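*Asks:* Hey, dropping run_25.cif in here, mmCIF, C-alpha atoms:
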data_query
loop_
_atom_site.label_atom_id
_atom_site.label_comp_id
_atom_site.auth_asym_id
_atom_site.auth_seq_id
_atom_site.Cartn_x
_atom_site.Cartn_y
_atom_site.Cartn_z
CA MET A 1 -58.74 38.59 -25.46
CA ALA A 2 -58.43 37.92 -29.16
CA ASP A 3 -61.07 36.52 -31.52
CA THR A 4 -58.43 34.35 -33.22
CA PRO A 5 -56.15 33.58 -30.29
CA ARG A 6 -52.66 32.20 -30.52
CA ILE A 7 -52.98 30.40 -27.20
CA SER A 8 -55.99 28.71 -25.60
CA VAL A 9 -56.08 28.32 -21.82
CA ILE A 10 -58.14 25.31 -20.77
CA ILE A 11 -59.29 24.98 -17.16
CA PRO A 12 -60.97 21.72 -16.11
CA ASN A 13 -63.41 22.31 -13.27
CA TRP A 14 -65.42 20.18 -10.88
CA ASN A 15 -67.29 21.92 -8.06
CA GLY A 16 -64.71 24.70 -8.04
CA ALA A 17 -66.90 27.79 -7.70
CA HIS A 18 -64.92 28.85 -4.62
CA LEU A 19 -61.65 28.64 -6.57
CA LEU A 20 -62.55 30.04 -9.98
CA PRO A 21 -62.61 33.78 -9.14
CA THR A 22 -58.94 33.80 -8.09
CA CYS A 23 -57.96 31.78 -11.15
CA LEU A 24 -60.01 33.74 -13.69
CA ASP A 25 -59.28 37.17 -12.25
CA ALA A 26 -55.55 36.50 -12.61
CA LEU A 27 -56.01 35.57 -16.27
CA ARG A 28 -57.77 38.88 -16.88
CA THR A 29 -54.56 40.74 -15.95
CA GLN A 30 -52.16 38.86 -18.24
CA SER A 31 -49.54 40.94 -20.06
CA TYR A 32 -50.05 38.75 -23.15
CA ALA A 33 -53.31 39.57 -24.93
CA ASP A 34 -53.60 37.01 -27.72
CA TYR A 35 -55.43 34.27 -25.82
CA GLU A 36 -58.78 32.74 -24.97
CA VAL A 37 -59.99 31.02 -21.80
CA ILE A 38 -62.09 27.86 -21.86
CA VAL A 39 -63.55 26.38 -18.67
CA VAL A 40 -64.66 22.77 -19.06
CA ASP A 41 -67.10 21.90 -16.32
CA ASN A 42 -67.24 18.22 -15.34
CA ALA A 43 -70.92 18.12 -14.29
CA SER A 44 -70.43 20.28 -11.19
CA ARG A 45 -73.14 20.34 -8.57
CA ASP A 46 -72.20 23.78 -7.26
CA GLU A 47 -72.59 27.26 -8.77
CA SER A 48 -69.60 27.06 -11.10
CA CYS A 49 -71.48 27.44 -14.38
CA ALA A 50 -73.77 30.16 -13.08
CA LEU A 51 -70.77 32.07 -11.74
CA ILE A 52 -68.97 31.98 -15.06
CA ARG A 53 -72.03 33.02 -17.06
CA ARG A 54 -72.71 35.89 -14.67
CA ALA A 55 -69.26 37.26 -13.86
CA TYR A 56 -66.95 36.08 -16.66
CA PRO A 57 -68.74 36.54 -19.99
CA GLU A 58 -65.43 36.49 -21.87
CA VAL A 59 -64.83 32.88 -20.83
CA ARG A 60 -65.95 30.09 -23.14
CA LEU A 61 -67.86 27.64 -20.95
CA LEU A 62 -68.17 24.00 -21.95
CA PRO A 63 -70.48 22.14 -19.53
CA LEU A 64 -70.20 18.37 -19.79
CA PRO A 65 -73.16 16.13 -18.89
CA THR A 66 -70.94 13.72 -16.91
CA ASN A 67 -67.66 13.94 -15.03
CA ARG A 68 -65.00 12.82 -17.51
CA GLY A 69 -62.17 13.44 -15.08
CA LEU A 70 -59.22 15.71 -15.53
CA THR A 71 -58.12 13.98 -18.71
CA GLY A 72 -61.53 13.91 -20.37
CA GLY A 73 -62.25 17.50 -19.40
CA CYS A 74 -58.96 18.74 -20.80
CA ASN A 75 -59.42 16.77 -24.02
CA ALA A 76 -62.91 18.20 -24.48
CA GLY A 77 -61.46 21.68 -24.12
CA ILE A 78 -58.64 20.99 -26.57
CA ALA A 79 -61.22 19.81 -29.11
CA ILE A 80 -62.86 23.25 -29.23
CA ALA A 81 -59.74 25.36 -28.64
CA ARG A 82 -58.68 27.69 -31.44
CA GLY A 83 -55.09 28.38 -30.45
CA GLU A 84 -51.95 26.92 -32.01
CA ILE A 85 -50.70 26.61 -28.42
CA VAL A 86 -52.81 24.92 -25.75
CA ALA A 87 -52.23 25.75 -22.08
CA LEU A 88 -53.71 23.57 -19.36
CA LEU A 89 -54.32 25.23 -16.00
CA ASN A 90 -55.74 23.88 -12.75
CA ASN A 91 -58.62 25.84 -11.26
CA ASP A 92 -56.85 26.05 -7.88
CA THR A 93 -54.10 28.34 -9.17
CA GLU A 94 -53.30 32.02 -9.52
CA ALA A 95 -51.18 33.01 -12.52
CA ASP A 96 -48.51 35.68 -12.40
CA GLN A 97 -49.15 38.49 -14.90
CA GLN A 98 -46.27 37.30 -17.12
CA TRP A 99 -47.31 33.64 -17.17
CA LEU A 100 -48.67 33.39 -20.70
CA GLU A 101 -46.09 35.78 -22.16
CA ALA A 102 -43.24 33.72 -20.72
CA LEU A 103 -44.66 30.41 -21.99
CA VAL A 104 -45.21 31.70 -25.53
CA SER A 105 -41.78 33.36 -25.59
CA ALA A 106 -40.08 30.12 -24.53
CA LEU A 107 -41.80 28.07 -27.21
CA ASP A 108 -40.93 30.69 -29.84
CA ARG A 109 -37.24 30.50 -28.91
CA TYR A 110 -37.06 26.70 -28.69
CA PRO A 111 -38.66 25.26 -31.83
CA ASP A 112 -37.70 21.70 -30.83
CA ALA A 113 -39.77 22.02 -27.65
CA GLY A 114 -43.30 20.69 -27.87
CA SER A 115 -44.15 21.89 -24.37
CA ALA A 116 -43.15 24.54 -21.85
CA ALA A 117 -43.08 23.93 -18.11
CA THR A 118 -44.08 26.46 -15.47
CA LYS A 119 -42.39 27.40 -12.21
CA ILE A 120 -45.09 26.42 -9.69
CA LEU A 121 -44.98 27.87 -6.18
CA LEU A 122 -47.24 27.32 -3.18
CA TYR A 123 -50.19 29.69 -2.96
CA ASP A 124 -49.85 30.30 0.77
CA ARG A 125 -46.02 30.19 0.91
CA ARG A 126 -44.93 31.92 -2.23
CA ASP A 127 -41.23 31.34 -1.70
CA VAL A 128 -41.65 27.53 -1.66
CA LEU A 129 -41.49 25.50 -4.85
CA ASN A 130 -44.02 22.90 -5.90
CA SER A 131 -42.43 22.19 -9.29
CA ALA A 132 -39.68 23.53 -11.53
CA GLY A 133 -40.41 21.01 -14.25
CA ASP A 134 -40.85 17.26 -13.97
CA LEU A 135 -38.28 14.51 -13.56
CA TYR A 136 -38.53 10.81 -14.33
CA GLY A 137 -36.27 8.37 -12.49
CA ARG A 138 -34.59 5.22 -13.66
CA ASP A 139 -36.58 3.59 -10.86
CA GLY A 140 -39.80 4.37 -12.73
CA LEU A 141 -40.98 7.08 -10.33
CA PRO A 142 -41.92 10.58 -11.50
CA ASN A 143 -40.98 13.57 -9.39
CA SER A 144 -40.93 17.36 -9.45
CA ARG A 145 -37.71 19.34 -9.53
CA GLY A 146 -37.23 21.49 -6.48
CA VAL A 147 -40.37 20.30 -4.70
CA TRP A 148 -40.66 21.75 -1.15
CA GLN A 149 -37.43 23.74 -1.58
CA GLN A 150 -37.31 27.44 -0.78
CA ASP A 151 -37.08 29.38 -4.02
CA ARG A 152 -33.70 31.12 -3.85
CA GLY A 153 -33.23 31.40 -7.59
CA GLN A 154 -31.66 27.95 -7.96
CA PHE A 155 -34.19 27.12 -10.70
CA ASP A 156 -34.14 30.44 -12.53
CA ARG A 157 -32.28 29.10 -15.56
CA GLU A 158 -34.19 28.26 -18.73
CA GLU A 159 -33.37 24.64 -19.55
CA TYR A 160 -34.71 21.40 -20.91
CA VAL A 161 -36.50 19.08 -18.49
CA PHE A 162 -38.15 15.67 -18.84
CA GLY A 163 -41.68 17.07 -18.77
CA ALA A 164 -44.10 19.60 -17.36
CA CYS A 165 -46.63 19.41 -14.57
CA GLY A 166 -50.05 19.24 -16.22
CA GLY A 167 -51.49 21.72 -13.73
CA ALA A 168 -49.82 24.60 -15.58
CA VAL A 169 -48.29 23.77 -18.95
CA ALA A 170 -48.28 24.91 -22.58
CA TYR A 171 -48.34 22.39 -25.44
CA ARG A 172 -47.91 22.95 -29.16
CA ARG A 173 -51.01 21.75 -30.94
CA ARG A 174 -48.76 20.39 -33.70
CA MET A 175 -47.20 18.04 -31.17
CA LEU A 176 -50.58 16.93 -29.82
CA ASP A 177 -51.77 16.27 -33.37
CA GLU A 178 -48.80 13.94 -33.79
CA ILE A 179 -48.69 12.04 -30.48
CA GLY A 180 -52.31 12.33 -29.31
CA LEU A 181 -54.07 13.99 -26.40
CA LEU A 182 -54.21 12.99 -22.76
CA ASP A 183 -54.97 9.32 -22.17
CA GLU A 184 -58.47 9.30 -20.68
CA GLY A 185 -57.84 5.86 -19.19
CA PHE A 186 -55.66 7.60 -16.58
CA PHE A 187 -58.63 9.78 -15.46
CA MET A 188 -56.29 11.91 -13.30
CA TYR A 189 -52.72 11.84 -11.99
CA CYS A 190 -49.65 10.90 -14.07
CA GLU A 191 -51.49 11.75 -17.28
CA ASP A 192 -48.90 14.49 -17.79
CA VAL A 193 -46.07 11.99 -17.28
CA ASP A 194 -47.58 9.70 -19.91
CA LEU A 195 -47.81 12.63 -22.35
CA ALA A 196 -44.22 13.69 -21.54
CA TRP A 197 -42.98 10.18 -22.34
CA ARG A 198 -44.81 10.11 -25.65
CA ALA A 199 -43.46 13.54 -26.54
CA GLN A 200 -39.86 12.62 -25.69
CA LEU A 201 -40.08 9.36 -27.63
CA ALA A 202 -41.27 11.32 -30.67
CA GLY A 203 -38.38 13.78 -30.37
CA TRP A 204 -40.27 16.70 -28.81
CA ARG A 205 -38.43 18.29 -25.89
CA CYS A 206 -39.79 20.25 -22.94
CA ILE A 207 -38.40 23.68 -22.04
CA TYR A 208 -38.69 24.99 -18.49
CA ALA A 209 -39.66 28.68 -18.44
CA PRO A 210 -38.79 30.09 -14.99
CA ASP A 211 -40.46 33.44 -15.68
CA ALA A 212 -43.79 31.65 -16.17
CA ARG A 213 -44.96 31.50 -12.55
CA ILE A 214 -48.09 30.01 -11.01
CA PHE A 215 -49.20 29.87 -7.37
CA HIS A 216 -50.93 26.60 -6.49
CA ARG A 217 -53.29 25.69 -3.65
CA LEU A 218 -52.20 22.14 -2.88
CA SER A 219 -54.89 19.45 -3.05
CA ALA A 220 -57.70 21.97 -3.34
CA THR A 221 -59.40 19.92 -6.06
CA GLY A 222 -57.96 16.48 -5.35
CA GLY A 223 -55.67 14.60 -3.04
CA GLY A 224 -56.02 12.16 -0.19
CA VAL A 225 -57.52 8.78 -0.99
CA THR A 226 -58.28 9.63 -4.62
CA ALA A 227 -54.76 10.85 -5.30
CA SER A 228 -53.21 7.85 -3.57
CA TYR A 229 -55.19 5.34 -5.61
CA TYR A 230 -54.63 6.91 -9.02
CA THR A 231 -50.96 7.66 -8.33
CA GLY A 232 -50.37 4.05 -7.27
CA ARG A 233 -52.13 2.70 -10.34
CA ASN A 234 -51.00 5.22 -12.94
CA THR A 235 -47.33 5.08 -12.00
CA LEU A 236 -47.45 1.46 -13.15
CA TYR A 237 -49.54 2.40 -16.18
CA VAL A 238 -46.77 4.76 -17.33
CA LEU A 239 -44.10 2.11 -16.80
CA ALA A 240 -45.98 -0.50 -18.78
CA LYS A 241 -47.19 1.75 -21.57
CA ASP A 242 -44.35 4.21 -22.13
CA MET A 243 -40.97 3.09 -20.85
CA PRO A 244 -39.25 1.08 -23.59
CA PRO A 245 -38.91 -2.62 -22.65
CA THR A 246 -35.14 -2.41 -23.09
CA LEU A 247 -34.94 0.22 -20.35
CA ARG A 248 -37.46 -1.59 -18.15
CA ARG A 249 -35.26 -4.67 -18.26
CA LYS A 250 -32.07 -2.70 -17.68
CA TYR A 251 -33.45 -0.95 -14.59
CA ALA A 252 -35.78 -3.73 -13.40
CA ARG A 253 -34.12 -4.04 -10.00
CA LEU A 254 -34.47 -0.30 -9.32
CA ILE A 255 -38.06 -0.25 -10.58
CA TRP A 256 -39.37 -3.15 -8.54
CA ALA A 257 -37.38 -2.16 -5.46
CA ALA A 258 -39.13 1.22 -5.60
CA GLN A 259 -42.55 -0.41 -5.91
CA PHE A 260 -41.73 -2.74 -3.02
CA ARG A 261 -40.76 0.22 -0.81
CA ILE A 262 -44.02 1.96 -1.61
CA ALA A 263 -46.03 -1.16 -0.80
CA ARG A 264 -44.04 -1.78 2.41
CA ASP A 265 -44.57 1.79 3.62
CA ALA A 266 -48.29 1.56 2.83
CA LEU A 267 -48.58 -1.70 4.76
CA ARG A 268 -46.87 -0.11 7.75
CA ALA A 269 -49.48 2.67 7.61
CA TRP A 270 -52.32 0.21 6.94
CA ARG A 271 -54.74 1.95 9.27
CA GLY A 272 -54.59 5.03 7.09
CA GLU A 273 -57.19 5.17 4.34
CA ALA A 274 -54.77 6.80 1.87
CA ALA A 275 -52.20 4.03 2.44
CA ARG A 276 -54.78 1.35 1.68
CA ALA A 277 -55.82 3.27 -1.44
CA ARG A 278 -52.21 3.36 -2.65
CA LEU A 279 -51.99 -0.42 -2.30
CA ARG A 280 -55.28 -0.87 -4.16
CA GLY A 281 -53.86 1.34 -6.90
CA GLN A 282 -50.70 -0.74 -7.15
CA LEU A 283 -52.74 -3.94 -7.38
CA ALA A 284 -54.91 -2.40 -10.10
CA GLY A 285 -51.78 -1.35 -11.99
CA LEU A 286 -50.34 -4.86 -11.80
CA ARG A 287 -53.67 -6.37 -12.87
CA ASP A 288 -53.80 -4.06 -15.90
CA TRP A 289 -50.09 -4.38 -16.73
CA PRO A 290 -50.48 -6.81 -19.68
CA ARG A 291 -53.09 -4.59 -21.34
CA LEU A 292 -50.99 -1.43 -20.90
CA ALA A 293 -47.81 -3.18 -22.02
CA ARG A 294 -49.52 -4.15 -25.27
CA ARG A 295 -50.29 -0.49 -25.82
CA HIS A 296 -46.58 0.28 -25.93
CA ARG A 297 -46.74 -0.67 -29.61
CA GLU A 298 -49.00 2.36 -30.18
CA VAL A 299 -46.49 4.60 -28.45
CA ALA A 300 -43.45 3.08 -30.17
CA GLN A 301 -44.74 3.90 -33.65
CA PHE A 302 -43.92 7.58 -33.00
CA ARG A 303 -40.45 6.89 -31.64
CA ARG A 304 -37.63 8.97 -33.15
CA VAL A 305 -34.95 8.80 -30.42
CA SER A 306 -32.45 6.28 -29.08
CA ASP A 307 -32.25 4.55 -25.73
CA GLU A 308 -29.07 6.55 -25.09
CA TYR A 309 -30.95 9.83 -25.44
CA LEU A 310 -33.73 8.62 -23.16
CA GLU A 311 -31.24 7.53 -20.50
CA SER A 312 -29.64 10.97 -20.66
CA ILE A 313 -32.89 12.67 -19.61
CA LEU A 314 -33.75 10.25 -16.80
CA SER A 315 -32.77 11.13 -13.25
#
Could I get this file's structure written as structure tokens?
*Replies:*
Amino acid sequence: MADTPRISVIIPNWNGAHLLPTCLDALRTQSYADYEVIVVDNASRDESCALIRRAYPEVRLLPLPTNRGLTGGCNAGIAIARGEIVALLNNDTEADQQWLEALVSALDRYPDAGSAATKILLYDRRDVLNSAGDLYGRDGLPNSRGVWQQDRGQFDREEYVFGACGGAVAYRRRMLDEIGLLDEGFFMYCEDVDLAWRAQLAGWRCIYAPDARIFHRLSATGGGVTASYYTGRNTLYVLAKDMPPTLRRKYARLIWAAQFRIARDALRAWRGEAARARLRGQLAGLRDWPRLARRHREVAQFRRVSDEYLESILS
């Protein structure tokens, strides 16, 4: 690992001592050498910090006194990172040896791309896709390309996508300096969608790098009730904050029909704790809508693209 790295890998961690060895061991075997690894610990109560100090002396450890969530942890890591490229990586992943090399290569070949998306596969079923880049629908719902599909090479073409899953992504620092870091008000979930919107509005594209592969343990560090609440809330946060009002009005029927379907399905599953959490999240998103909509002015000041371009990248 280099003293003046080109790329900084930032891993947010909360009580992930059982996950970190797989993640960090894989980074030790990377074919690309010009990088550093930063683990930001969100006030873990387990042996995470002791493990890193003992077994991974090459890792820069940043212990935080309180849990700042995924967004706050990542932002703290970015603040001390030395690389001109910043890669965010979940602690419940295992990187292929070519992961960093493929991400850097893609950004070098696509100067208009401010980010590079990873091909993410399931850890226990390595021929099943979790994400081949992110989509954003005209109905206001984010999604992952290829999710749950068997990987038969159908997503092996390098191409532009709407955005990248924040669990394994590379960002140009120059782009982050322009549009800002992760929005800590999101805490977790959809923070990558918010950043993708801001990047696209500012004219920064996202390139999908199929040779950059990651294997992901689903919901090892989140999920369930927590995921349901923040996804329900933050989906509406993104709509209010990032989607231009002209497009919100144009696709209003699709947007609110989608939200109604989500609420209806949650009500039908009312006995389930996760379903009730999703409804609470939706209500919180609606409650906060005016505040987030006012923040669209902050986002719009960086806008460099037309509505026509934005419609062309929506699914």
*Asks:* Please check which residues have atoms at most 7 Å from (-46.4, 22.1, -14.6) in the file's coordinates, counting all atoms listed in the file, and write them as a short mmCIF file (atom, residue, chain, number, x, y, z; two decimals) with C-alpha atoms, in the coordinates of the input.
*Replies:*
data_model
loop_
_atom_site.label_atom_id
_atom_site.label_comp_id
_atom_site.auth_asym_id
_atom_site.auth_seq_id
_atom_site.Cartn_x
_atom_site.Cartn_y
_atom_site.Cartn_z
CA ALA A 117 -43.08 23.93 -18.11
CA THR A 118 -44.08 26.46 -15.47
CA ILE A 120 -45.09 26.42 -9.69
CA SER A 131 -42.43 22.19 -9.29
CA GLY A 133 -40.41 21.01 -14.25
CA ALA A 164 -44.10 19.60 -17.36
CA CYS A 165 -46.63 19.41 -14.57
CA GLY A 166 -50.05 19.24 -16.22
CA GLY A 167 -51.49 21.72 -13.73
CA ALA A 168 -49.82 24.60 -15.58
CA VAL A 169 -48.29 23.77 -18.95
#
*Asks:* Nearest to Cys190 of chain A: which of A:Tyr237, A:Tyr160, A:Tyr171, A:Trp148 is it, counting only C-alpha atoms?
*Replies:*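 When distances to Cys190 of chain A are compared using only C-alpha atoms, the smallest one comes from A:Tyr237.
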*Asks:* For this structure, which residues satisfy the selection - the PyMOL selection byres ((chain A and resi 180) around 10) - when it is evaluated on the file as given? I want them as a ChimeraX atom specification.
*Replies:* /A:75,173-179,181-183,195,198-199,299
*Asks:* Starting from the PyMOL selection byres ((chain A and resi 230) around 8), expand the selection into actual residues of this file and give them as a list in words.
*Replies:*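 Checking the PyMOL selection byres ((chain A and resi 230) around 8) against this file, the residues are Phe186, Met188, Tyr189, Thr226, Ala227, Ser228, Tyr229, Thr231, Gly232, Arg233, Asn234, Arg278 and Gly281 of chain A.
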*Asks:* For the file shown, what are the residues hit by the PyMOL selection byres ((chain A and resi 42) around 9), laid out as an MDAnalysis selection string?
*Replies:* chainID A and resid 12:15 40:41 43:44 62:70 72:73
*Asks:* Tell me which protein, DNA and RNA residues are within 12 Å of Arg109 of chain A, counting all atoms listed in the file, leaving out same-chain ones fewer than 4 positions away, and put them as an mmCIF file with C-alpha atoms, keeping the file's coordinate frame.
*Replies:*
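Here's the written file result-v8.cif:
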data_model
loop_
_atom_site.group_PDB
_atom_site.id
_atom_site.type_symbol
_atom_site.label_atom_id
_atom_site.label_comp_id
_atom_site.auth_asym_id
_atom_site.auth_seq_id
_atom_site.Cartn_x
_atom_site.Cartn_y
_atom_site.Cartn_z
ATOM 1 C CA ALA A 102 -43.240 33.720 -20.720
ATOM 2 C CA LEU A 103 -44.660 30.410 -21.990
ATOM 3 C CA VAL A 104 -45.210 31.700 -25.530
ATOM 4 C CA SER A 105 -41.780 33.360 -25.590
ATOM 5 C CA ALA A 113 -39.770 22.020 -27.650
ATOM 6 C CA GLY A 114 -43.300 20.690 -27.870
ATOM 7 C CA SER A 115 -44.150 21.890 -24.370
ATOM 8 C CA ALA A 116 -43.150 24.540 -21.850
ATOM 9 C CA GLU A 158 -34.190 28.260 -18.730
ATOM 10 C CA GLU A 159 -33.370 24.640 -19.550
ATOM 11 C CA ILE A 207 -38.400 23.680 -22.040
ATOM 12 C CA TYR A 208 -38.690 24.990 -18.490
ATOM 13 C CA ALA A 209 -39.660 28.680 -18.440
#
*Asks:* Write out as a PyMOL selection string which residues come within 10 Å of Ile52 of chain A when counting all atoms listed in the file, dropping same-chain ones fewer than 5 positions away.
*Replies:* chain A and resi 17+20-21+24+39+47+57-61
*Asks:* Please provide the set of residues having any atom within 9 Å of Trp289 of chain A, restricted to all atoms listed in the file, with same-chain residues fewer than 2 positions apart removed, written as a list of chain:residue names.
*Replies:*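 The residues that qualify are A:Leu236, A:Tyr237, A:Leu239, A:Ala240, A:Lys241, A:Ala284, A:Gly285, A:Leu286, A:Arg287, A:Arg291, A:Leu292, A:Ala293, A:Arg294.
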*Asks:* Residues as selected, C-alpha atoms, written as a CSV table (one decimal), in the frame of the given file, can you do that?
*Replies:*
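part_21.csv, written as the output of this step:
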chain,number,residue,atom,x,y,z
A,236,LEU,CA,-47.4,1.5,-13.2
A,237,TYR,CA,-49.5,2.4,-16.2
A,239,LEU,CA,-44.1,2.1,-16.8
A,240,ALA,CA,-46.0,-0.5,-18.8
A,241,LYS,CA,-47.2,1.8,-21.6
A,284,ALA,CA,-54.9,-2.4,-10.1
A,285,GLY,CA,-51.8,-1.4,-12.0
A,286,LEU,CA,-50.3,-4.9,-11.8
A,287,ARG,CA,-53.7,-6.4,-12.9
A,291,ARG,CA,-53.1,-4.6,-21.3
A,292,LEU,CA,-51.0,-1.4,-20.9
A,293,ALA,CA,-47.8,-3.2,-22.0
A,294,ARG,CA,-49.5,-4.2,-25.3
*Asks:* Which one of A:Arg82, A:Arg53, A:Arg172, A:His216 sits closest to Asp124 of chain A if you count all atoms listed in the file?
*Replies:*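 For Asp124 of chain A, the nearest of the candidates is A:His216.
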*Asks:* Can you work out the spacing between atom CA of Leu201 of chain A and atom CA of Phe302 of chain A in Å, to one decimal?
*Replies:*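 These atoms are spaced 6.8 Å apart.
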*Asks:* Given all atoms listed in the file as the basis, pick out the residue of A:Asp192, A:Ala81, A:Ile11, A:Leu314 nearest to Val161 of chain A.
*Replies:* A:Leu314
*Asks:* Between atom CA of Val193 of chain A and atom CA of Asn91 of chain A, what is the spacing in Å?
*Replies:*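 We find that atom CA of Asn91 of chain A and atom CA of Val193 of chain A lie 19.6 Å from each other.
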*Asks:* Could you check how far atom CA of Ser48 of chain A sits from atom CA of Gly224 of chain A, in Å to one decimal?
*Replies:*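 Between atom CA of Ser48 of chain A and atom CA of Gly224 of chain A the gap works out to 22.9 Å.
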